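Shown next: target.tsv, containing TSV, C-alpha atoms and all ligand atoms.
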```tsv
chain	number	residue	atom	x	y	z
Y	1	MET	CA	-68.16	-35.80	26.75
Y	2	GLU	CA	-67.14	-37.60	29.94
Y	3	ARG	CA	-64.79	-40.47	29.31
Y	4	PRO	CA	-63.53	-43.10	31.70
Y	5	ALA	CA	-59.91	-42.79	32.72
Y	6	PRO	CA	-57.71	-45.03	30.62
Y	7	GLU	CA	-57.35	-48.39	32.24
Y	8	PRO	CA	-54.66	-50.88	31.48
Y	9	GLY	CA	-56.22	-53.65	29.44
Y	10	PRO	CA	-55.67	-57.38	29.78
Y	11	LEU	CA	-52.94	-57.18	27.12
Y	12	ASP	CA	-50.76	-55.05	29.35
Y	13	THR	CA	-48.13	-55.93	31.89
Y	14	PRO	CA	-46.69	-53.59	34.53
Y	15	ALA	CA	-43.71	-53.17	32.16
Y	16	THR	CA	-45.75	-52.14	29.10
Y	17	ILE	CA	-47.77	-49.69	31.20
Y	18	ALA	CA	-44.62	-48.13	32.65
Y	19	GLU	CA	-42.91	-47.90	29.26
Y	20	ARG	CA	-45.99	-46.31	27.70
Y	21	GLN	CA	-46.30	-43.74	30.50
Y	22	HIS	CA	-42.65	-42.86	30.03
Y	23	LEU	CA	-43.11	-42.45	26.26
Y	24	VAL	CA	-46.21	-40.26	26.63
Y	25	ARG	CA	-44.51	-38.07	29.25
Y	26	ASN	CA	-41.64	-37.51	26.83
Y	27	ILE	CA	-44.00	-36.61	23.98
Y	28	GLN	CA	-45.75	-34.12	26.29
Y	29	ARG	CA	-42.42	-32.33	26.88
Y	30	ARG	CA	-42.38	-31.33	23.21
Y	31	GLU	CA	-46.03	-31.27	22.20
Y	32	SER	CA	-48.95	-29.51	23.83
Y	33	LEU	CA	-51.70	-32.14	23.93
Y	34	HIS	CA	-55.34	-32.08	24.99
Y	35	PRO	CA	-55.95	-34.32	28.05
Y	36	ARG	CA	-58.21	-36.57	25.94
Y	37	VAL	CA	-55.37	-37.15	23.48
Y	38	VAL	CA	-53.03	-37.94	26.37
Y	39	ASP	CA	-55.57	-40.44	27.75
Y	40	ALA	CA	-55.86	-42.11	24.35
Y	41	LEU	CA	-52.09	-42.44	24.00
Y	42	LEU	CA	-51.85	-43.82	27.53
Y	43	SER	CA	-54.55	-46.39	26.93
Y	44	VAL	CA	-53.72	-47.89	23.51
Y	45	PRO	CA	-51.30	-50.84	23.80
Y	46	ARG	CA	-48.95	-49.97	20.91
Y	47	HIS	CA	-47.08	-53.26	21.39
Y	48	VAL	CA	-50.15	-55.17	20.16
Y	49	PHE	CA	-49.85	-53.37	16.80
Y	50	VAL	CA	-46.22	-54.21	16.02
Y	51	PRO	CA	-44.78	-57.55	14.87
Y	52	LEU	CA	-43.89	-59.93	17.73
Y	53	SER	CA	-40.19	-59.93	16.83
Y	54	ILE	CA	-39.86	-56.19	17.57
Y	55	ARG	CA	-42.35	-55.80	20.41
Y	56	HIS	CA	-39.55	-54.82	22.77
Y	57	LEU	CA	-39.16	-51.62	20.68
Y	58	ALA	CA	-42.86	-50.69	20.75
Y	59	TYR	CA	-42.42	-47.85	23.25
Y	60	GLU	CA	-39.43	-46.19	21.61
Y	61	ASP	CA	-40.45	-42.90	19.98
Y	62	GLY	CA	-39.75	-44.00	16.44
Y	63	PRO	CA	-41.35	-45.60	13.39
Y	64	LEU	CA	-41.02	-49.39	13.11
Y	65	PRO	CA	-41.30	-51.82	10.19
Y	66	ILE	CA	-44.61	-53.70	9.98
Y	67	GLY	CA	-43.94	-55.73	6.82
Y	68	GLU	CA	-44.56	-55.09	3.10
Y	69	GLY	CA	-42.04	-52.23	3.28
Y	70	GLN	CA	-44.43	-50.17	5.43
Y	71	THR	CA	-44.07	-48.64	8.89
Y	72	ILE	CA	-46.06	-47.83	12.00
Y	73	SER	CA	-45.69	-44.07	12.47
Y	74	GLN	CA	-43.58	-42.45	15.17
Y	75	PRO	CA	-45.69	-41.92	18.34
Y	76	THR	CA	-44.91	-38.17	18.43
Y	77	VAL	CA	-46.26	-37.82	14.89
Y	78	VAL	CA	-49.38	-39.84	15.78
Y	79	ALA	CA	-49.86	-37.48	18.74
Y	80	MET	CA	-49.45	-34.33	16.59
Y	81	MET	CA	-51.83	-35.52	13.88
Y	82	THR	CA	-54.43	-36.68	16.39
Y	83	GLU	CA	-54.23	-33.38	18.28
Y	84	ALA	CA	-54.70	-31.43	15.03
Y	85	LEU	CA	-58.07	-33.10	14.41
Y	86	GLU	CA	-59.54	-31.70	17.69
Y	87	LEU	CA	-61.90	-34.64	18.14
Y	88	ARG	CA	-64.66	-34.27	20.74
Y	89	GLY	CA	-66.23	-37.71	20.76
Y	90	ASP	CA	-69.14	-37.73	18.33
Y	91	GLU	CA	-67.28	-37.69	15.00
Y	92	THR	CA	-66.93	-40.16	12.17
Y	93	VAL	CA	-63.32	-40.15	10.98
Y	94	LEU	CA	-61.79	-41.43	7.74
Y	95	GLU	CA	-58.21	-42.67	7.94
Y	96	VAL	CA	-56.24	-43.42	4.77
Y	97	GLY	CA	-53.34	-45.84	5.34
Y	98	THR	CA	-54.39	-48.26	8.10
Y	99	GLY	CA	-50.92	-49.82	8.29
Y	100	SER	CA	-50.68	-51.47	11.71
Y	101	GLY	CA	-54.03	-50.12	12.93
Y	102	TYR	CA	-52.38	-48.20	15.80
Y	103	GLN	CA	-53.41	-44.71	14.66
Y	104	ALA	CA	-56.95	-46.02	14.08
Y	105	ALA	CA	-57.03	-47.35	17.65
Y	106	VAL	CA	-55.95	-43.97	19.04
Y	107	LEU	CA	-58.69	-42.28	16.99
Y	108	ALA	CA	-61.21	-44.89	18.13
Y	109	ARG	CA	-60.70	-43.72	21.73
Y	110	LEU	CA	-61.55	-40.16	20.71
Y	111	CYS	CA	-64.48	-40.33	18.30
Y	112	LYS	CA	-67.61	-42.31	17.54
Y	113	ARG	CA	-66.47	-44.31	14.52
Y	114	VAL	CA	-63.36	-44.79	12.41
Y	115	GLU	CA	-63.47	-45.94	8.79
Y	116	THR	CA	-59.93	-46.81	7.73
Y	117	ILE	CA	-58.70	-47.84	4.29
Y	118	GLU	CA	-55.55	-49.78	3.43
Y	119	ILE	CA	-54.29	-50.70	-0.03
Y	120	ILE	CA	-52.26	-53.78	1.00
Y	121	PRO	CA	-54.69	-56.60	1.89
Y	122	SER	CA	-52.32	-58.49	4.24
Y	123	LEU	CA	-51.74	-55.34	6.32
Y	124	ALA	CA	-55.47	-54.63	6.44
Y	125	ALA	CA	-56.06	-58.18	7.69
Y	126	ALA	CA	-53.36	-57.95	10.37
Y	127	ALA	CA	-54.61	-54.53	11.50
Y	128	GLY	CA	-58.18	-55.80	11.72
Y	129	GLN	CA	-56.95	-58.66	13.87
Y	130	ALA	CA	-54.96	-56.39	16.19
Y	131	LEU	CA	-57.91	-53.99	16.56
Y	132	GLU	CA	-60.15	-56.93	17.41
Y	133	THR	CA	-57.66	-58.30	19.94
Y	134	ALA	CA	-57.37	-54.90	21.58
Y	135	GLY	CA	-61.15	-54.50	21.66
Y	136	TYR	CA	-61.70	-51.54	19.32
Y	137	HIS	CA	-65.12	-52.34	17.91
Y	138	ASN	CA	-65.85	-48.89	16.46
Y	139	VAL	CA	-63.23	-49.25	13.70
Y	140	ARG	CA	-63.93	-50.73	10.27
Y	141	VAL	CA	-60.98	-51.68	8.06
Y	142	HIS	CA	-61.53	-51.46	4.28
Y	143	VAL	CA	-59.20	-52.73	1.56
Y	144	GLY	CA	-58.91	-50.23	-1.27
Y	145	ASP	CA	-57.27	-47.20	-2.79
Y	146	GLY	CA	-57.45	-44.24	-0.44
Y	147	TYR	CA	-57.23	-41.74	-3.33
Y	148	ALA	CA	-60.90	-42.52	-3.93
Y	149	GLY	CA	-61.81	-42.40	-0.22
Y	150	LEU	CA	-65.12	-43.96	0.83
Y	151	PRO	CA	-67.73	-41.70	-0.81
Y	152	GLU	CA	-70.61	-44.00	0.13
Y	153	LEU	CA	-69.79	-43.60	3.84
Y	154	GLY	CA	-69.01	-39.87	3.87
Y	155	PRO	CA	-69.01	-37.02	4.40
Y	156	PHE	CA	-66.58	-37.32	7.32
Y	157	ASP	CA	-66.11	-34.95	10.23
Y	158	ALA	CA	-62.36	-35.45	10.00
Y	159	VAL	CA	-59.91	-37.09	7.60
Y	160	ILE	CA	-56.38	-38.26	8.41
Y	161	ILE	CA	-54.00	-39.41	5.71
Y	162	THR	CA	-51.02	-41.37	7.03
Y	163	ALA	CA	-49.16	-41.93	3.75
Y	164	ALA	CA	-47.71	-39.06	1.72
Y	165	PRO	CA	-49.39	-37.94	-1.53
Y	166	PRO	CA	-47.65	-35.37	-3.77
Y	167	GLU	CA	-50.77	-33.18	-3.48
Y	168	ILE	CA	-53.88	-33.26	-1.32
Y	169	PRO	CA	-56.29	-35.72	-3.01
Y	170	SER	CA	-59.34	-33.75	-4.15
Y	171	ALA	CA	-61.76	-36.66	-3.54
Y	172	LEU	CA	-60.81	-36.60	0.14
Y	173	ILE	CA	-61.44	-32.87	0.46
Y	174	ALA	CA	-64.81	-33.48	-1.22
Y	175	GLN	CA	-65.63	-36.12	1.42
Y	176	LEU	CA	-64.80	-33.75	4.29
Y	177	ARG	CA	-67.83	-32.22	5.99
Y	178	GLU	CA	-68.23	-28.44	6.07
Y	179	GLY	CA	-66.29	-27.21	9.13
Y	180	GLY	CA	-64.23	-30.42	9.14
Y	181	ARG	CA	-60.47	-30.93	9.46
Y	182	LEU	CA	-58.09	-32.96	7.35
Y	183	VAL	CA	-54.47	-33.66	8.19
Y	184	VAL	CA	-51.99	-34.94	5.61
Y	185	PRO	CA	-48.24	-35.14	4.94
Y	186	VAL	CA	-47.82	-33.57	1.50
Y	187	GLY	CA	-44.70	-33.79	-0.59
Y	188	PRO	CA	-42.24	-35.88	-2.54
Y	189	GLN	CA	-42.34	-39.67	-2.30
Y	190	HIS	CA	-38.78	-39.85	-1.10
Y	191	GLY	CA	-37.60	-37.34	1.42
Y	192	VAL	CA	-39.30	-34.88	3.70
Y	193	GLN	CA	-42.92	-33.83	3.51
Y	194	GLU	CA	-44.88	-31.01	5.13
Y	195	LEU	CA	-47.64	-31.91	7.56
Y	196	VAL	CA	-50.62	-29.83	6.45
Y	197	LEU	CA	-53.86	-29.13	8.33
Y	198	VAL	CA	-56.77	-28.29	6.04
Y	199	ARG	CA	-60.02	-26.75	7.27
Y	200	LYS	CA	-63.11	-26.62	5.09
Y	201	HIS	CA	-65.25	-23.49	5.26
Y	202	GLU	CA	-68.13	-22.57	2.99
Y	203	GLY	CA	-66.84	-24.82	0.25
Y	204	GLY	CA	-63.32	-23.32	0.38
Y	205	ILE	CA	-60.30	-24.55	2.30
Y	206	THR	CA	-57.60	-22.98	4.45
Y	207	ARG	CA	-54.18	-24.59	4.92
Y	208	GLN	CA	-51.86	-24.47	7.89
Y	209	GLU	CA	-48.39	-26.01	7.91
Y	210	LEU	CA	-47.53	-27.98	11.05
Y	211	GLY	CA	-43.93	-29.03	10.39
Y	212	ALA	CA	-41.70	-31.41	8.51
Y	213	VAL	CA	-42.39	-35.16	8.62
Y	214	ARG	CA	-41.32	-38.30	6.80
Y	215	PHE	CA	-43.97	-40.78	5.64
Y	216	VAL	CA	-44.10	-43.69	3.22
Y	217	PRO	CA	-45.60	-42.67	-0.14
Y	218	MET	CA	-49.32	-42.81	-0.82
Y	219	VAL	CA	-49.43	-45.06	-3.87
Y	220	ARG	CA	-52.04	-45.27	-6.59
Y	221	GLY	CA	-54.07	-48.45	-6.83
Y	222	ASN	CA	-54.11	-48.53	-10.60
Y	223	ARG	CA	-50.38	-48.22	-11.18
Y	224	PRO	CA	-47.20	-49.28	-9.35
Y	225	PRO	CA	-45.43	-46.71	-7.14
Y	226	ASP	CA	-42.87	-44.50	-8.90
E	1	LIG	N1	-51.50	-45.23	10.21
E	1	LIG	C1	-50.53	-46.31	10.15
E	1	LIG	C2	-49.27	-45.89	9.43
E	1	LIG	C3	-49.29	-46.53	8.12
E	1	LIG	S1	-47.97	-46.34	7.00
E	1	LIG	C4	-50.26	-46.89	11.50
E	1	LIG	O1	-50.76	-46.38	12.51
E	1	LIG	O2	-49.56	-47.91	11.57
E	1	LIG	C5	-48.93	-45.94	5.57
E	1	LIG	C6	-49.85	-47.02	5.05
E	1	LIG	O3	-50.53	-46.44	3.94
E	1	LIG	C7	-49.16	-48.26	4.52
E	1	LIG	O4	-49.68	-49.38	5.17
E	1	LIG	C8	-49.50	-48.26	3.03
E	1	LIG	O5	-49.70	-49.54	2.49
E	1	LIG	C9	-50.78	-47.44	3.00
E	1	LIG	N2	-51.10	-46.83	1.71
E	1	LIG	C10	-50.26	-46.30	0.78
E	1	LIG	N3	-50.95	-45.82	-0.28
E	1	LIG	C11	-52.27	-46.04	-0.01
E	1	LIG	C12	-53.48	-45.78	-0.71
E	1	LIG	N4	-53.49	-45.19	-1.91
E	1	LIG	N5	-54.64	-46.15	-0.14
E	1	LIG	C13	-54.67	-46.76	1.08
E	1	LIG	N6	-53.56	-47.05	1.79
E	1	LIG	C14	-52.37	-46.69	1.26
```
Please render this file's structure as structure tokens.
Amino acid sequence: MERPAPEPGPLDTPATIAERQHLVRNIQRRESLHPRVVDALLSVPRHVFVPLSIRHLAYEDGPLPIGEGQTISQPTVVAMMTEALELRGDETVLEVGTGSGYQAAVLARLCKRVETIEIIPSLAAAAGQALETAGYHNVRVHVGDGYAGLPELGPFDAVIITAAPPEIPSALIAQLREGGRLVVPVGPQHGVQELVLVRKHEGGITRQELGAVRFVPMVRGNRPPD
């Protein structure tokens, strides 16, 4: 699908554009990225998705605190996970762990619709606001427990989980369309997890490990985190 070249939005300044270009160039030195993914990273104003007090750090390649003990993911990790989904433009994507809304905005540039679910209501509200401000109208933010997914809106062409469960949640594999891709950091709540790409074929799944990552835990809605 033809897409317009990314244009700096009204929220940008020459400085934010330059910093973002620098960040994306650095990510491209380490990661091989599809041009569409590069365009998406170049176009989404990450600074809009981080708290005002730390906006000057928005284009460092690191995670940042967004309140409630949660973080916006490192841009390189957002790039890797987005690349792994191989989006072409016509997909509906489920994201678990809206957080700041930044990953959802990147996905929104690359697919038809994003359904994203966040367990902490205040973060969901702030993310919805940031997505609105930045003009991403094909993203819907839901408050709820991502372990259940959104069965009434599935199946999804792709699923991205941006908090770490100890194992891949079976409900989310069930909501993945045949031929679809799911990317998830799997592992212990504290420490290092493995980024896993799951493909669904004829009811079965194949797993591919993409490398070590560090995410906040995916918590259960019906009990406090361990
Ligand atoms: N994708 C985010 C990164 C979010 S960090 C971004 O771009 O900023 C992970 C988020 O997952 C946190 O906001 C956390 O509250 C949320 N989370 C943890 N467990 C969850 C669950 N069971 N369901 C939905 N969201 C969950």
For Y:Met80, find every residue with an atom within 9 Å (counting all atoms listed in the file), except residues of its own chain fewer than 4 positions away, and show them as a list of chain:residue names.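 Near neighbours after the sequence-gap exclusion: Y:Glu31, Y:Ser32, Y:Leu33, Y:Pro75, Y:Thr76, Y:Ala84, Y:Leu85, Y:Leu210.
Proximity to ligand LIG 1 (chain E) was assessed for Y:Gln189, Y:Thr82, Y:Thr71, Y:Thr133 counting all atoms listed in the file; the smallest distance is recorded for Y:Thr71.
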Please, what distance in Å, to one decimal, runs between atom CA of Y:Ala104 and atom CA of Y:Tyr136?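 A separation of 9.0 Å between them.
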With all atoms listed in the file counted and 8 Å as the cut-off, give the residues of chain Y in contact with ligand LIG 1 (chain E), each with its shortest interatomic distance in Å and the pair that gives it, as JSON lines.
```
{"residue": "Y:Phe49", "atom": "CA", "partner": "E:LIG1", "partner_atom": "O2", "distance": 7.6}
{"residue": "Y:Ile66", "atom": "CA", "partner": "E:LIG1", "partner_atom": "O2", "distance": 7.8}
{"residue": "Y:Glu68", "atom": "CA", "partner": "E:LIG1", "partner_atom": "O5", "distance": 7.6}
{"residue": "Y:Gln70", "atom": "CA", "partner": "E:LIG1", "partner_atom": "C7", "distance": 5.2}
{"residue": "Y:Thr71", "atom": "CA", "partner": "E:LIG1", "partner_atom": "S1", "distance": 4.9}
{"residue": "Y:Ile72", "atom": "CA", "partner": "E:LIG1", "partner_atom": "O2", "distance": 3.5}
{"residue": "Y:Ser73", "atom": "CA", "partner": "E:LIG1", "partner_atom": "C2", "distance": 5.0}
{"residue": "Y:Val78", "atom": "CA", "partner": "E:LIG1", "partner_atom": "O1", "distance": 7.4}
{"residue": "Y:Glu95", "atom": "CA", "partner": "E:LIG1", "partner_atom": "N1", "distance": 7.5}
{"residue": "Y:Val96", "atom": "CA", "partner": "E:LIG1", "partner_atom": "C13", "distance": 5.2}
{"residue": "Y:Gly97", "atom": "CA", "partner": "E:LIG1", "partner_atom": "O3", "distance": 3.2}
{"residue": "Y:Thr98", "atom": "CA", "partner": "E:LIG1", "partner_atom": "N1", "distance": 4.7}
{"residue": "Y:Gly99", "atom": "CA", "partner": "E:LIG1", "partner_atom": "O4", "distance": 3.4}
{"residue": "Y:Ser100", "atom": "CA", "partner": "E:LIG1", "partner_atom": "O2", "distance": 3.7}
{"residue": "Y:Gly101", "atom": "CA", "partner": "E:LIG1", "partner_atom": "O1", "distance": 5.0}
{"residue": "Y:Tyr102", "atom": "CA", "partner": "E:LIG1", "partner_atom": "O1", "distance": 4.1}
{"residue": "Y:Gln103", "atom": "CA", "partner": "E:LIG1", "partner_atom": "O1", "distance": 3.8}
{"residue": "Y:Ala104", "atom": "CA", "partner": "E:LIG1", "partner_atom": "O1", "distance": 6.4}
{"residue": "Y:Ile117", "atom": "CA", "partner": "E:LIG1", "partner_atom": "C13", "distance": 5.3}
{"residue": "Y:Glu118", "atom": "CA", "partner": "E:LIG1", "partner_atom": "N6", "distance": 3.8}
{"residue": "Y:Ile119", "atom": "CA", "partner": "E:LIG1", "partner_atom": "C13", "distance": 4.1}
{"residue": "Y:Ile120", "atom": "CA", "partner": "E:LIG1", "partner_atom": "O5", "distance": 5.2}
{"residue": "Y:Leu123", "atom": "CA", "partner": "E:LIG1", "partner_atom": "O4", "distance": 6.4}
{"residue": "Y:Ala124", "atom": "CA", "partner": "E:LIG1", "partner_atom": "O4", "distance": 7.9}
{"residue": "Y:Val143", "atom": "CA", "partner": "E:LIG1", "partner_atom": "C13", "distance": 7.5}
{"residue": "Y:Gly144", "atom": "CA", "partner": "E:LIG1", "partner_atom": "C13", "distance": 6.0}
{"residue": "Y:Asp145", "atom": "CA", "partner": "E:LIG1", "partner_atom": "N5", "distance": 3.9}
{"residue": "Y:Gly146", "atom": "CA", "partner": "E:LIG1", "partner_atom": "N5", "distance": 3.4}
{"residue": "Y:Tyr147", "atom": "CA", "partner": "E:LIG1", "partner_atom": "N4", "distance": 5.3}
{"residue": "Y:Ile161", "atom": "CA", "partner": "E:LIG1", "partner_atom": "N1", "distance": 7.8}
{"residue": "Y:Thr162", "atom": "CA", "partner": "E:LIG1", "partner_atom": "N1", "distance": 5.0}
{"residue": "Y:Ala163", "atom": "CA", "partner": "E:LIG1", "partner_atom": "C5", "distance": 4.4}
{"residue": "Y:Ala164", "atom": "CA", "partner": "E:LIG1", "partner_atom": "C10", "distance": 7.7}
{"residue": "Y:Phe215", "atom": "CA", "partner": "E:LIG1", "partner_atom": "S1", "distance": 7.0}
{"residue": "Y:Val216", "atom": "CA", "partner": "E:LIG1", "partner_atom": "C5", "distance": 5.8}
{"residue": "Y:Pro217", "atom": "CA", "partner": "E:LIG1", "partner_atom": "C10", "distance": 6.0}
{"residue": "Y:Met218", "atom": "CA", "partner": "E:LIG1", "partner_atom": "N3", "distance": 3.5}
{"residue": "Y:Val219", "atom": "CA", "partner": "E:LIG1", "partner_atom": "N3", "distance": 4.0}
{"residue": "Y:Arg220", "atom": "CA", "partner": "E:LIG1", "partner_atom": "N4", "distance": 4.9}
{"residue": "Y:Gly221", "atom": "CA", "partner": "E:LIG1", "partner_atom": "N4", "distance": 5.9}
```
Nearest candidate to Y:Thr13 (options Y:Gly128, Y:Arg181, Y:Lys200, Y:His47; using all atoms listed in the file):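 Among Y:Gly128, Y:Arg181, Y:Lys200, Y:His47, it is Y:His47 that comes nearest to Y:Thr13.
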Point-to-point distance in Å for atom CA of Y:Asn26 and atom CA of Y:Glu91: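 Atom-to-atom, atom CA of Y:Glu91 to atom CA of Y:Asn26, that is 28.2 Å.
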Take atom CA of Y:Gly154 and atom CA of Y:Ile205 and report the distance between them in Å, one decimal.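 For atom CA of Y:Gly154 relative to atom CA of Y:Ile205, the distance reads 17.7 Å.
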Would you please work out which residue, of Y:Glu178, Y:Val77, Y:Ser43, Y:Cys111, is nearest to Y:Arg30 when using only C-alpha atoms?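 Counting only C-alpha atoms, the residue closest to Y:Arg30 is Y:Val77.
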Of the candidates Y:Val159, Y:Ala148, Y:Val37, Y:Ala58, which one gets nearest to Y:Val93 if we count all atoms listed in the file? Y:Val159
Residues near Y:Phe156, cut-off 8 Å, only C-alpha atoms, skip fewer than 3 positions along chain, as a ChimeraX atom specification: /Y:91-94,153,159,175-177,180
Which residue gives the smallest distance to Y:Ala158 among Y:Arg214, Y:Lys112, Y:Arg46, Y:His34, with all atoms listed in the file counted?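 Comparing Y:Arg214, Y:Lys112, Y:Arg46, Y:His34 against Y:Ala158, the winner is Y:Lys112.
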Complete stretch 170-196 of chain Y at the level of N, CA and C atoms, written as a PDB file, in the coordinates of the input.
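Okay, this is what ended up in result01.pdb:
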```pdb
ATOM      1  N   SER Y 170     -58.120 -34.568  -4.120  1.00  0.00           N
ATOM      2  CA  SER Y 170     -59.340 -33.750  -4.150  1.00  0.00           C
ATOM      3  C   SER Y 170     -60.565 -34.542  -3.690  1.00  0.00           C
ATOM      4  N   ALA Y 171     -60.594 -35.862  -3.954  1.00  0.00           N
ATOM      5  CA  ALA Y 171     -61.760 -36.660  -3.540  1.00  0.00           C
ATOM      6  C   ALA Y 171     -61.894 -36.647  -2.016  1.00  0.00           C
ATOM      7  N   LEU Y 172     -60.758 -36.546  -1.332  1.00  0.00           N
ATOM      8  CA  LEU Y 172     -60.810 -36.600   0.140  1.00  0.00           C
ATOM      9  C   LEU Y 172     -61.264 -35.254   0.708  1.00  0.00           C
ATOM     10  N   ILE Y 173     -60.911 -34.182   0.042  1.00  0.00           N
ATOM     11  CA  ILE Y 173     -61.440 -32.870   0.460  1.00  0.00           C
ATOM     12  C   ILE Y 173     -62.952 -32.851   0.209  1.00  0.00           C
ATOM     13  N   ALA Y 174     -63.373 -33.443  -0.903  1.00  0.00           N
ATOM     14  CA  ALA Y 174     -64.810 -33.480  -1.220  1.00  0.00           C
ATOM     15  C   ALA Y 174     -65.587 -34.270  -0.170  1.00  0.00           C
ATOM     16  N   GLN Y 175     -64.936 -35.277   0.430  1.00  0.00           N
ATOM     17  CA  GLN Y 175     -65.630 -36.120   1.420  1.00  0.00           C
ATOM     18  C   GLN Y 175     -65.544 -35.568   2.841  1.00  0.00           C
ATOM     19  N   LEU Y 176     -64.910 -34.398   2.977  1.00  0.00           N
ATOM     20  CA  LEU Y 176     -64.800 -33.750   4.290  1.00  0.00           C
ATOM     21  C   LEU Y 176     -66.034 -32.869   4.508  1.00  0.00           C
ATOM     22  N   ARG Y 177     -66.644 -33.007   5.678  1.00  0.00           N
ATOM     23  CA  ARG Y 177     -67.830 -32.220   5.990  1.00  0.00           C
ATOM     24  C   ARG Y 177     -67.461 -30.737   6.152  1.00  0.00           C
ATOM     25  N   GLU Y 178     -68.398 -29.872   5.838  1.00  0.00           N
ATOM     26  CA  GLU Y 178     -68.230 -28.440   6.070  1.00  0.00           C
ATOM     27  C   GLU Y 178     -67.821 -28.212   7.541  1.00  0.00           C
ATOM     28  N   GLY Y 179     -66.769 -27.436   7.765  1.00  0.00           N
ATOM     29  CA  GLY Y 179     -66.290 -27.210   9.130  1.00  0.00           C
ATOM     30  C   GLY Y 179     -65.315 -28.296   9.597  1.00  0.00           C
ATOM     31  N   GLY Y 180     -65.077 -29.291   8.745  1.00  0.00           N
ATOM     32  CA  GLY Y 180     -64.230 -30.420   9.140  1.00  0.00           C
ATOM     33  C   GLY Y 180     -62.743 -30.140   8.976  1.00  0.00           C
ATOM     34  N   ARG Y 181     -61.938 -31.056   9.497  1.00  0.00           N
ATOM     35  CA  ARG Y 181     -60.470 -30.930   9.460  1.00  0.00           C
ATOM     36  C   ARG Y 181     -59.862 -32.142   8.792  1.00  0.00           C
ATOM     37  N   LEU Y 182     -58.814 -31.882   8.034  1.00  0.00           N
ATOM     38  CA  LEU Y 182     -58.090 -32.960   7.350  1.00  0.00           C
ATOM     39  C   LEU Y 182     -56.605 -32.731   7.600  1.00  0.00           C
ATOM     40  N   VAL Y 183     -55.904 -33.800   7.969  1.00  0.00           N
ATOM     41  CA  VAL Y 183     -54.470 -33.660   8.190  1.00  0.00           C
ATOM     42  C   VAL Y 183     -53.734 -34.639   7.288  1.00  0.00           C
ATOM     43  N   VAL Y 184     -52.660 -34.150   6.649  1.00  0.00           N
ATOM     44  CA  VAL Y 184     -51.990 -34.940   5.610  1.00  0.00           C
ATOM     45  C   VAL Y 184     -50.526 -34.507   5.452  1.00  0.00           C
ATOM     46  N   PRO Y 185     -49.625 -35.494   5.300  1.00  0.00           N
ATOM     47  CA  PRO Y 185     -48.240 -35.140   4.940  1.00  0.00           C
ATOM     48  C   PRO Y 185     -48.159 -34.998   3.423  1.00  0.00           C
ATOM     49  N   VAL Y 186     -47.835 -33.808   2.939  1.00  0.00           N
ATOM     50  CA  VAL Y 186     -47.820 -33.570   1.500  1.00  0.00           C
ATOM     51  C   VAL Y 186     -46.392 -33.356   1.033  1.00  0.00           C
ATOM     52  N   GLY Y 187     -46.030 -34.045  -0.057  1.00  0.00           N
ATOM     53  CA  GLY Y 187     -44.700 -33.790  -0.590  1.00  0.00           C
ATOM     54  C   GLY Y 187     -44.157 -34.950  -1.378  1.00  0.00           C
ATOM     55  N   PRO Y 188     -42.862 -34.881  -1.680  1.00  0.00           N
ATOM     56  CA  PRO Y 188     -42.240 -35.880  -2.540  1.00  0.00           C
ATOM     57  C   PRO Y 188     -42.258 -37.268  -1.912  1.00  0.00           C
ATOM     58  N   GLN Y 189     -42.258 -38.284  -2.763  1.00  0.00           N
ATOM     59  CA  GLN Y 189     -42.340 -39.670  -2.300  1.00  0.00           C
ATOM     60  C   GLN Y 189     -41.120 -40.077  -1.507  1.00  0.00           C
ATOM     61  N   HIS Y 190     -39.986 -39.511  -1.843  1.00  0.00           N
ATOM     62  CA  HIS Y 190     -38.780 -39.850  -1.100  1.00  0.00           C
ATOM     63  C   HIS Y 190     -38.253 -38.564  -0.511  1.00  0.00           C
ATOM     64  N   GLY Y 191     -38.094 -38.545   0.785  1.00  0.00           N
ATOM     65  CA  GLY Y 191     -37.600 -37.340   1.420  1.00  0.00           C
ATOM     66  C   GLY Y 191     -38.592 -36.813   2.432  1.00  0.00           C
ATOM     67  N   VAL Y 192     -38.539 -35.501   2.624  1.00  0.00           N
ATOM     68  CA  VAL Y 192     -39.300 -34.880   3.700  1.00  0.00           C
ATOM     69  C   VAL Y 192     -40.578 -34.277   3.138  1.00  0.00           C
ATOM     70  N   GLN Y 193     -41.654 -34.447   3.891  1.00  0.00           N
ATOM     71  CA  GLN Y 193     -42.920 -33.830   3.510  1.00  0.00           C
ATOM     72  C   GLN Y 193     -43.333 -32.791   4.559  1.00  0.00           C
ATOM     73  N   GLU Y 194     -44.336 -31.999   4.204  1.00  0.00           N
ATOM     74  CA  GLU Y 194     -44.880 -31.010   5.130  1.00  0.00           C
ATOM     75  C   GLU Y 194     -46.206 -31.541   5.672  1.00  0.00           C
ATOM     76  N   LEU Y 195     -46.358 -31.522   6.991  1.00  0.00           N
ATOM     77  CA  LEU Y 195     -47.640 -31.910   7.560  1.00  0.00           C
ATOM     78  C   LEU Y 195     -48.583 -30.714   7.433  1.00  0.00           C
ATOM     79  N   VAL Y 196     -49.697 -30.927   6.755  1.00  0.00           N
ATOM     80  CA  VAL Y 196     -50.620 -29.830   6.450  1.00  0.00           C
ATOM     81  C   VAL Y 196     -51.976 -30.095   7.110  1.00  0.00           C
TER      82      VAL Y 196
END
```
